[in-house]
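What follows is a short report on a single structure.
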Amino acid sequence: MGVSQFARSIAESPTLALNEQARLLREQGEPVVHLGVGEPLNRAPQAAIDKGTAALHGGKIKYSPTTGLASLKQAIIHYTEEHYGRTVAPRNVIVTSGAKQAIFNALFAILDAGDEVILLAPYWVSYPEMVKMCRAVPVVVSPEPGSLEPDVARVEAAVTSRTRAIVVNSPNNPSGMVYSPDFVGSIVRLCEERGIHAIMDDIYHKLVFDGVTAPSCYDYTRLETDQSHLIVVNGIAKTYGMTGFRIGWAIASREIVGAMSKIQSQTTSCVSSLCQVAAEGALLGPQDEVETLRRAMQHNRDVVVEELGKLPGVRVTKPKGTFYCLPDFSHYLKPGIAANSFELSMFLLNKARVVTVPGRDFGLEGHLRLSYAGSTVDVLEGMRRIRWALDASEPREIEIGGRTLVREWA
Ligand code: GLU
């Protein structure tokens, strides 16, 4: 009885575990401020709600084709044309249960046991575990100390005869960095030359700030999609704040989509047809809500960076996209507070009821990921509490949820 050794070796998603912990604490009446999970607060776009409601009232919610409803695929093809200037065929598109399942199914489709996948630290928490679930080996390439930007030479040096893919996530979760055109171009070309897949996790591609554009991988290849090594992953969760609908997709060669489809047909059959219809509404409806969300996130980014500037010893690189930042808190890893980023995150949760995610889960110790996807009020309150908890020059007492707390440790 019991679970396998292998299942035991897979870690739980820390972002979702912390989300659950915050929910439970809130249920117990604790005044938790959530700078943990990356989930915007907005309502789904009206066009998505209308389409989904109409489908629900129609009462016939049936299986869709395994790779997705033809009409949603057309909407995704339209998105790909409009956003990347790339025309793809329906056979190059597969709809998945969130971008997460697209990445997993893509890995499962290309990996044999013992193959290697290069991940660029800081990387998103689920990549290493997904690679391991495919019985393959994650190979982490870290940036130069003090930098959050990956380095092409280091990536190149990590390629071996077992390398099957490099995962690129830009704008990056957790750092908010937008990788340079040079970097994206070099990786796309490197993969092409060496016969490696480039899995482009572009889920934050439209959430960019200060007029920056996230470079498109398609600008660096002449290969037709059916010959291409590119697997481009997207979804509606972040751009439209439709996290719970779980609609993502991948654009890839017919061969890769075919393999992903087989995997999907034997596991989930297809993605919820109701949510697929709602996603169509989001993609084809008015896009002003995307801009509203983007502006709100840019404003929160400014607030969080300004507030972090008031904390002595903390260094942060100003994010150019997403709704995360990854400040370096190593200054506060000291006796009486915390020995590592996990302990620091727990310290802030226990002492100040602020949820953060430890940098070590993203492959970068000494840092904390702060999500500013919530309200500006929450961002300000979270930062007020973090300063109080860590900085001895702040007043010793603080009001949190009607209680006065006294700092006894600094
Ligand atoms: N991608 C989000 C985050 O990093 C959602 C959590 C998850 O799916 O793991 O916070």
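Letters A, B, ... go to the chains of the structure tokens in the order shown; residues in each chain start at 1; ligands are counted from 1 in the same order.
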
Using only C-alpha atoms and all ligand atoms, find each residue in chain A having at least one atom no more than 6 Å away from ligand 1; report its shortest atom-to-atom pair and that distance in Å (one decimal), rows by chain then rising number, as CSV.
residue,atom,partner,partner_atom_place_in_ligand_line,distance
A:Ser13,CA,ligand 1,9 (O),5.7
A:Thr15,CA,ligand 1,9 (O),5.0
A:Leu16,CA,ligand 1,9 (O),5.2
A:Val37,CA,ligand 1,10 (O),3.8
A:Gly38,CA,ligand 1,10 (O),3.7

Spatial neighbours of stretch 138-150 of chain A, 8 Å, only C-alpha atoms, chain gap at least 5 places, as a PyMOL selection string: chain A and resi 116-122+128+131-132+155+158+175+177+179+317+363

Near-stretch 244-253 of chain A list (10 Å; only C-alpha atoms; drop same-chain fewer than 3 positions) as an MDAnalysis selection string: chainID A and resid 39 44 67:68 73 76:77 80 88:103 105:106 199:203 224:237 241 256:258 260 271:272 274:276 278:279

All helix (DSSP H, G or I) residues (DSSP, backbone) inside stretch 279-386 of chain A, as a VMD selection string: chain A and resid 279 to 284 288 to 308 330 to 332 341 to 352 359 to 362 376 to 386
